[in-house]
>>> print(open('model25.txt').read())   # compact mmCIF, C-alpha atoms
# COMPACT_ATOMS: atom_id res chain seq x y z
CA MET I 1 -18.34 -7.06 4.95
CA THR I 2 -17.02 -4.80 2.21
CA VAL I 3 -13.38 -5.38 3.25
CA ASN I 4 -12.05 -8.63 4.65
CA LEU I 5 -8.74 -9.93 5.97
CA GLU I 6 -7.84 -13.47 4.90
CA VAL I 7 -4.67 -14.96 6.44
CA ALA I 8 -2.66 -17.95 5.26
CA ASP I 9 1.02 -18.86 5.63
CA GLY I 10 1.98 -15.52 7.12
CA VAL I 11 0.32 -13.46 4.35
CA GLY I 12 -2.75 -11.37 5.06
CA THR I 13 -4.90 -10.45 2.07
CA ILE I 14 -6.93 -7.28 2.50
CA ARG I 15 -9.75 -8.01 0.07
CA LEU I 16 -12.10 -5.31 -1.17
CA ASP I 17 -15.53 -6.81 -1.83
CA ARG I 18 -18.12 -4.23 -2.82
CA PRO I 19 -19.42 -5.24 -6.27
CA PRO I 20 -19.48 -4.26 -8.97
CA MET I 21 -16.66 -1.67 -8.83
CA ASN I 22 -15.46 -1.66 -5.21
CA ALA I 23 -16.56 1.96 -4.80
CA LEU I 24 -15.08 3.30 -1.57
CA ASP I 25 -18.07 4.66 0.32
CA ILE I 26 -17.83 5.83 3.93
CA ALA I 27 -18.67 2.41 5.36
CA THR I 28 -15.96 0.80 3.21
CA GLN I 29 -13.42 3.42 4.23
CA ASP I 30 -14.12 2.80 7.90
CA ARG I 31 -13.93 -0.94 7.42
CA LEU I 32 -10.63 -0.55 5.55
CA LYS I 33 -9.17 1.22 8.58
CA GLU I 34 -10.36 -1.55 10.91
CA VAL I 35 -8.85 -4.26 8.74
CA ALA I 36 -5.53 -2.42 8.30
CA GLU I 37 -5.26 -2.02 12.07
CA GLU I 38 -6.04 -5.72 12.51
CA ALA I 39 -3.29 -6.63 10.03
CA THR I 40 -0.93 -4.39 12.00
CA ARG I 41 -1.74 -6.09 15.31
CA ARG I 42 -1.78 -9.72 14.26
CA GLU I 43 1.49 -11.55 14.71
CA ASP I 44 0.47 -14.23 12.21
CA VAL I 45 0.35 -11.55 9.51
CA ARG I 46 3.92 -10.92 8.38
CA ALA I 47 3.21 -9.41 4.94
CA VAL I 48 0.09 -8.03 3.26
CA VAL I 49 -1.56 -8.10 -0.17
CA VAL I 50 -4.21 -5.48 -0.99
CA TYR I 51 -6.53 -6.88 -3.66
CA GLY I 52 -9.82 -5.92 -5.25
CA GLY I 53 -10.53 -9.12 -7.15
CA GLU I 54 -9.99 -10.40 -10.67
CA LYS I 55 -11.84 -7.64 -12.52
CA VAL I 56 -11.31 -4.35 -10.65
CA PHE I 57 -9.12 -2.97 -7.88
CA ALA I 58 -11.27 0.01 -6.86
CA ALA I 59 -12.96 2.53 -9.11
CA GLY I 60 -12.82 5.33 -6.56
CA ALA I 61 -15.16 7.00 -4.11
CA ASP I 62 -18.92 6.63 -4.12
CA ILE I 63 -19.76 9.76 -6.13
CA LYS I 64 -23.47 9.65 -5.38
CA GLU I 65 -22.71 9.58 -1.67
CA MET I 66 -20.28 12.49 -1.98
CA GLN I 67 -22.68 14.52 -4.11
CA ALA I 68 -25.09 14.64 -1.17
CA MET I 69 -22.43 16.07 1.16
CA ASP I 70 -21.96 19.79 1.72
CA HIS I 71 -18.87 21.66 2.91
CA THR I 72 -19.59 21.10 6.58
CA ALA I 73 -20.14 17.38 6.10
CA MET I 74 -16.85 16.97 4.26
CA VAL I 75 -14.92 19.04 6.81
CA LEU I 76 -16.13 16.56 9.40
CA ARG I 77 -15.34 13.55 7.17
CA ALA I 78 -12.06 14.45 5.43
CA ARG I 79 -9.76 13.46 8.31
CA ALA I 80 -11.44 10.06 8.71
CA LEU I 81 -11.07 9.52 4.96
CA GLN I 82 -7.34 10.19 5.11
CA ASP I 83 -6.94 8.18 8.32
CA ALA I 84 -8.36 5.07 6.64
CA PHE I 85 -5.73 5.19 3.91
CA THR I 86 -2.95 6.16 6.30
CA ALA I 87 -3.76 3.07 8.34
CA VAL I 88 -2.85 0.98 5.28
CA ALA I 89 0.30 3.02 4.56
CA ARG I 90 1.47 2.56 8.16
CA ILE I 91 1.10 -1.20 8.37
CA PRO I 92 4.62 -1.95 9.67
CA LYS I 93 5.03 -4.92 7.36
CA PRO I 94 5.68 -5.30 3.62
CA VAL I 95 2.52 -4.42 1.66
CA VAL I 96 1.92 -5.10 -2.04
CA ALA I 97 -1.05 -3.87 -4.08
CA ALA I 98 -2.37 -6.38 -6.61
CA VAL I 99 -4.03 -4.12 -9.19
CA THR I 100 -6.46 -5.42 -11.80
CA GLY I 101 -8.76 -3.30 -13.94
CA TYR I 102 -9.58 0.19 -12.71
CA ALA I 103 -7.67 1.85 -9.88
CA LEU I 104 -9.04 5.37 -10.05
CA GLY I 105 -9.33 8.19 -7.54
CA GLY I 106 -9.46 6.58 -4.13
CA GLY I 107 -8.54 3.28 -5.74
CA CYS I 108 -5.30 4.74 -7.07
CA GLU I 109 -4.69 6.39 -3.71
CA LEU I 110 -5.11 3.02 -2.00
CA ALA I 111 -2.53 1.46 -4.32
CA LEU I 112 -0.18 4.33 -3.46
CA CYS I 113 -0.33 3.26 0.19
CA ALA I 114 1.44 -0.02 -0.63
CA ASP I 115 5.20 -0.51 -0.66
CA TYR I 116 5.09 -2.22 -4.07
CA ARG I 117 2.53 -2.39 -6.87
CA ILE I 118 1.96 -5.28 -9.28
CA ALA I 119 -0.50 -4.44 -12.05
CA GLY I 120 -2.28 -6.56 -14.60
CA GLU I 121 -2.00 -5.76 -18.29
CA ASN I 122 -5.64 -4.65 -18.09
CA ALA I 123 -5.02 -2.10 -15.32
CA LYS I 124 -5.94 1.56 -15.70
CA LEU I 125 -4.87 4.03 -13.04
CA GLY I 126 -5.53 7.72 -12.49
CA GLN I 127 -6.62 10.59 -10.28
CA PRO I 128 -9.72 11.96 -12.08
CA GLU I 129 -10.94 14.18 -9.22
CA ILE I 130 -10.22 17.35 -11.20
CA LEU I 131 -13.01 16.33 -13.59
CA LEU I 132 -15.40 16.69 -10.64
CA GLY I 133 -14.05 20.11 -9.69
CA LEU I 134 -12.03 18.54 -6.86
CA ILE I 135 -8.53 17.37 -6.00
CA PRO I 136 -7.49 14.01 -4.55
CA GLY I 137 -8.39 13.92 -0.85
CA ALA I 138 -7.09 10.57 0.40
CA GLY I 139 -3.39 11.29 0.05
CA GLY I 140 -3.07 11.46 -3.73
CA THR I 141 -1.44 14.88 -3.93
CA GLN I 142 1.18 13.78 -1.42
CA ARG I 143 1.93 10.11 -2.08
CA LEU I 144 1.77 10.35 -5.86
CA ALA I 145 4.26 13.22 -5.97
CA ARG I 146 6.62 11.36 -3.65
CA LEU I 147 6.40 8.26 -5.83
CA VAL I 148 6.65 9.61 -9.39
CA GLY I 149 7.93 13.15 -8.83
CA PRO I 150 6.07 16.46 -8.76
CA SER I 151 5.81 17.19 -12.50
CA ARG I 152 4.46 13.75 -13.40
CA ALA I 153 2.07 13.86 -10.46
CA LYS I 154 0.81 17.28 -11.51
CA ASP I 155 0.23 16.06 -15.07
CA LEU I 156 -1.94 13.21 -13.82
CA ILE I 157 -3.78 15.32 -11.25
CA PHE I 158 -4.23 18.41 -13.46
CA THR I 159 -5.59 16.43 -16.44
CA GLY I 160 -7.40 13.66 -14.58
CA ARG I 161 -6.34 11.27 -17.34
CA MET I 162 -6.15 7.51 -16.97
CA VAL I 163 -2.93 5.68 -17.77
CA LYS I 164 -2.72 2.09 -18.91
CA ALA I 165 -0.43 -0.40 -17.25
CA ASP I 166 2.52 0.08 -19.62
CA GLU I 167 2.58 3.85 -19.12
CA ALA I 168 2.09 3.43 -15.38
CA LEU I 169 5.19 1.23 -15.37
CA THR I 170 7.18 3.85 -17.30
CA LEU I 171 6.06 6.57 -14.89
CA GLY I 172 6.99 4.47 -11.86
CA LEU I 173 3.37 4.37 -10.73
CA VAL I 174 3.52 0.57 -10.72
CA ASP I 175 6.55 -1.68 -10.28
CA ARG I 176 5.65 -4.74 -12.35
CA VAL I 177 3.14 -5.54 -15.10
CA VAL I 178 1.97 -9.13 -15.54
CA PRO I 179 -0.91 -10.93 -17.29
CA ALA I 180 -4.16 -10.05 -15.55
CA ASP I 181 -4.80 -13.59 -14.38
CA GLU I 182 -1.40 -13.72 -12.64
CA VAL I 183 -1.68 -10.52 -10.61
CA TYR I 184 -2.77 -12.01 -7.31
CA THR I 185 -0.53 -15.07 -7.61
CA GLN I 186 2.56 -12.95 -8.18
CA ALA I 187 1.61 -10.44 -5.49
CA HIS I 188 1.07 -13.26 -3.01
CA ALA I 189 4.42 -14.80 -3.95
CA TRP I 190 6.15 -11.44 -3.32
CA ALA I 191 4.48 -11.19 0.08
CA ALA I 192 5.06 -14.84 0.99
CA LYS I 193 8.78 -14.56 0.34
CA LEU I 194 9.04 -11.54 2.64
CA ALA I 195 6.84 -13.21 5.25
CA GLN I 196 9.75 -15.60 5.78
CA GLY I 197 12.15 -12.73 6.43
CA PRO I 198 13.24 -11.06 9.69
CA ALA I 199 10.07 -9.25 10.76
CA LEU I 200 11.65 -6.58 12.94
CA ALA I 201 14.35 -5.79 10.39
CA LEU I 202 11.69 -5.41 7.68
CA ARG I 203 9.74 -3.10 9.97
CA ALA I 204 12.92 -1.10 10.60
CA ALA I 205 13.66 -0.83 6.89
CA LYS I 206 10.14 0.37 6.08
CA GLU I 207 10.04 2.93 8.87
CA SER I 208 13.50 4.24 7.99
CA VAL I 209 12.68 4.73 4.31
CA ASP I 210 9.25 6.25 4.95
CA THR I 211 10.45 8.58 7.70
CA GLY I 212 13.40 9.68 5.60
CA LEU I 213 11.11 10.66 2.73
CA GLU I 214 9.11 12.88 5.06
CA THR I 215 11.95 14.70 6.82
CA ASP I 216 15.49 16.07 6.41
CA ILE I 217 18.40 13.71 5.80
CA ASP I 218 19.95 14.18 9.26
CA THR I 219 16.72 13.09 10.93
CA GLY I 220 16.40 10.20 8.51
CA LEU I 221 19.96 9.10 9.23
CA ALA I 222 19.26 9.23 12.96
CA VAL I 223 16.25 6.94 12.52
CA GLU I 224 18.33 4.58 10.42
CA ARG I 225 21.20 4.63 12.92
CA ASN I 226 18.97 3.86 15.89
CA TRP I 227 17.22 0.98 14.12
CA PHE I 228 20.51 -0.39 12.75
CA ALA I 229 22.11 -0.52 16.19
CA GLY I 230 18.93 -1.77 17.83
CA LEU I 231 18.69 -4.77 15.52
CA PHE I 232 21.91 -6.07 17.03
CA ALA I 233 19.80 -7.03 20.06
CA THR I 234 17.59 -9.39 18.05
CA ALA I 235 17.76 -13.15 17.62
CA ASP I 236 17.26 -12.73 13.87
CA ARG I 237 20.48 -10.72 13.61
CA GLU I 238 22.37 -13.51 15.38
CA ILE I 239 20.76 -16.15 13.16
CA GLY I 240 21.39 -14.17 9.97
CA MET I 241 25.05 -13.49 10.66
CA ARG I 242 25.80 -17.01 11.88
CA SER I 243 24.11 -18.50 8.83
CA PHE I 244 26.02 -16.18 6.51
CA VAL I 245 29.37 -17.11 8.02
CA GLU I 246 28.68 -20.85 8.19
CA GLU I 247 26.49 -21.49 5.14
CA GLY I 248 26.72 -18.42 2.89
CA PRO I 249 24.10 -15.76 2.06
CA GLY I 250 20.38 -16.33 1.79
CA LYS I 251 20.06 -19.55 3.81
CA ALA I 252 18.98 -18.23 7.22
CA THR I 253 15.69 -19.31 8.80
CA PHE I 254 14.45 -16.37 10.84
CA VAL I 255 12.28 -16.54 13.93
>>> encode(input="model25.txt", output="structure tokens")
Amino acid sequence: MTVNLEVADGVGTIRLDRPPMNALDIATQDRLKEVAEEATRREDVRAVVVYGGEKVFAAGADIKEMQAMDHTAMVLRARALQDAFTAVARIPKPVVAAVTGYALGGGCELALCADYRIAGENAKLGQPEILLGLIPGAGGTQRLARLVGPSRAKDLIFTGRMVKADEALTLGLVDRVVPADEVYTQAHAWAAKLAQGPALALRAAKESVDTGLETDIDTGLAVERNWFAGLFATADREIGMRSFVEEGPGKATFV
């Protein structure tokens, strides 16, 4: 399998495994969607790490495969391409991308689907589609602009240039830069900590933030309001508040 889901201690690792560069061909895209949907369904998965291995995250689409496709073929394929990445973005649990080496084109777009990005000092990210006479097609024009702002997104998309980890951190394209050999360990630690949190409240927080970014503030506030009130019906809310009152903050064990 080119994409696998490995689960331990509440953390599911979505592992890309298509050597040497984890090129995202059609079969890998389809498998990515299957694995993301599995991570969504499984109750033993409470947080997710997306990881390409020690040397490379994902170097982008399979260019040779795309070169053989004409307009009609891509019209028929483009929605499935986007759906695979959207399945990752809509996992209703905390998701962190552990980025080593190249994360280009579709690889960068995959990292954009995570809630948080930890990059190695050797990471290089970019959207080089313009150099092929194309634009990003797996969400890059939308998620990148929402993350770093329109002018910075346009600079990266218009030029197709790669940015190293330190510049990616300055741009807000990644959230933390660590030594390359610590990327997965730190990403897993981030996920493992959240895997111990209140699952429904984390889902509510993610949906509220993501929905608010995609709509007007009144609609976003309505989503927040409904989730906020609804969480008062959960056992985790009772546990969290009782623990806070009796023991102080940060000591609750959620169910």
>>> closest_residue(input="model25.txt", among="I:Gln186, I:Gly105, I:Leu112, I:Asp216", to="I:Arg161", atoms="all atoms listed in the file")
I:Gly105
>>> atom_distance(input="model25.txt", atom1="atom CA of I:Leu194", atom2="atom CA of I:Arg237")
15.9 Å
>>> residues_near_point(input="model25.txt", point="(-4.3, 1.4, -3.4)", cutoff="9 Å", atoms="all atoms listed in the file", output="list in words")
Val50, Tyr51, Phe57, Ala58, Phe85, Val88, Ala97, Ala98, Val99, Ala103, Gly106, Gly107, Cys108, Glu109, Leu110, Ala111, Leu112, Cys113, Ala114 and Arg117 of chain I
>>> residues_around(input="model25.txt", residues="stretch 33-48 of chain I", least_positions_apart="4", cutoff="7 Å", atoms="only C-alpha atoms", output="PDB file with C-alpha atoms, keeping the file's coordinate frame")
ATOM      1  CA  ASN I   4     -12.050  -8.630   4.650  1.00  0.00           C
ATOM      2  CA  LEU I   5      -8.740  -9.930   5.970  1.00  0.00           C
ATOM      3  CA  VAL I   7      -4.670 -14.960   6.440  1.00  0.00           C
ATOM      4  CA  GLY I  10       1.980 -15.520   7.120  1.00  0.00           C
ATOM      5  CA  VAL I  11       0.320 -13.460   4.350  1.00  0.00           C
ATOM      6  CA  GLY I  12      -2.750 -11.370   5.060  1.00  0.00           C
ATOM      7  CA  THR I  13      -4.900 -10.450   2.070  1.00  0.00           C
ATOM      8  CA  GLN I  29     -13.420   3.420   4.230  1.00  0.00           C
ATOM      9  CA  ALA I  84      -8.360   5.070   6.640  1.00  0.00           C
ATOM     10  CA  ALA I  87      -3.760   3.070   8.340  1.00  0.00           C
ATOM     11  CA  VAL I  88      -2.850   0.980   5.280  1.00  0.00           C
ATOM     12  CA  ILE I  91       1.100  -1.200   8.370  1.00  0.00           C
ATOM     13  CA  PRO I  92       4.620  -1.950   9.670  1.00  0.00           C
ATOM     14  CA  LYS I  93       5.030  -4.920   7.360  1.00  0.00           C
ATOM     15  CA  PRO I  94       5.680  -5.300   3.620  1.00  0.00           C
ATOM     16  CA  VAL I  95       2.520  -4.420   1.660  1.00  0.00           C
ATOM     17  CA  VAL I  96       1.920  -5.100  -2.040  1.00  0.00           C
ATOM     18  CA  ALA I 191       4.480 -11.190   0.080  1.00  0.00           C
ATOM     19  CA  ALA I 192       5.060 -14.840   0.990  1.00  0.00           C
ATOM     20  CA  LEU I 194       9.040 -11.540   2.640  1.00  0.00           C
ATOM     21  CA  ALA I 195       6.840 -13.210   5.250  1.00  0.00           C
ATOM     22  CA  ALA I 199      10.070  -9.250  10.760  1.00  0.00           C
TER      23      ALA I 199
END
>>> residues_near_point(input="model25.txt", point="(-18.5, 3.0, -3.5)", cutoff="7 Å", atoms="only C-alpha atoms", output="MDAnalysis selection string")
chainID I and resid 22:25 60:62
>>> write_last_selection(input="model25.txt", atoms="C-alpha atoms", output="compact mmCIF listing (two decimals), in the frame of the given file")
# COMPACT_ATOMS: atom_id res chain seq x y z
CA ASN I 22 -15.46 -1.66 -5.21
CA ALA I 23 -16.56 1.96 -4.80
CA LEU I 24 -15.08 3.30 -1.57
CA ASP I 25 -18.07 4.66 0.32
CA GLY I 60 -12.82 5.33 -6.56
CA ALA I 61 -15.16 7.00 -4.11
CA ASP I 62 -18.92 6.63 -4.12
>>> atom_distance(input="model25.txt", atom1="atom CA of I:Ala138", atom2="atom CA of I:Ala78")
8.1 Å
>>> atom_distance(input="model25.txt", atom1="atom CA of I:Gly120", atom2="atom CA of I:Val177")
5.5 Å
>>> closest_residue(input="model25.txt", among="I:Lys64, I:Gly230, I:Ala222, I:Gly160", to="I:Val209", atoms="all atoms listed in the file")
I:Ala222
>>> residues_around(input="model25.txt", residues="I:Gln67", least_positions_apart="4", cutoff="12 Å", atoms="only C-alpha atoms", output="JSON, numbers by chain")
{"I": [25, 61, 62, 63, 71, 73, 74, 132, 133, 134]}
>>> residues_around(input="model25.txt", residues="I:Phe228", least_positions_apart="2", cutoff="12 Å", atoms="only C-alpha atoms", output="ChimeraX atom specification")
/I:200-205,207-208,221-226,230-234,237
>>> closest_residue(input="model25.txt", among="I:Thr185, I:Thr215, I:Gln142, I:Asn122", to="I:Lys55", atoms="all atoms listed in the file")
I:Asn122
>>> residues_around(input="model25.txt", residues="I:Ala168", least_positions_apart="4", cutoff="12 Å", atoms="all atoms listed in the file", output="PyMOL selection string")
chain I and resi 99+103+108+117-126+144+147-148+152-153+156+161-164+172-177
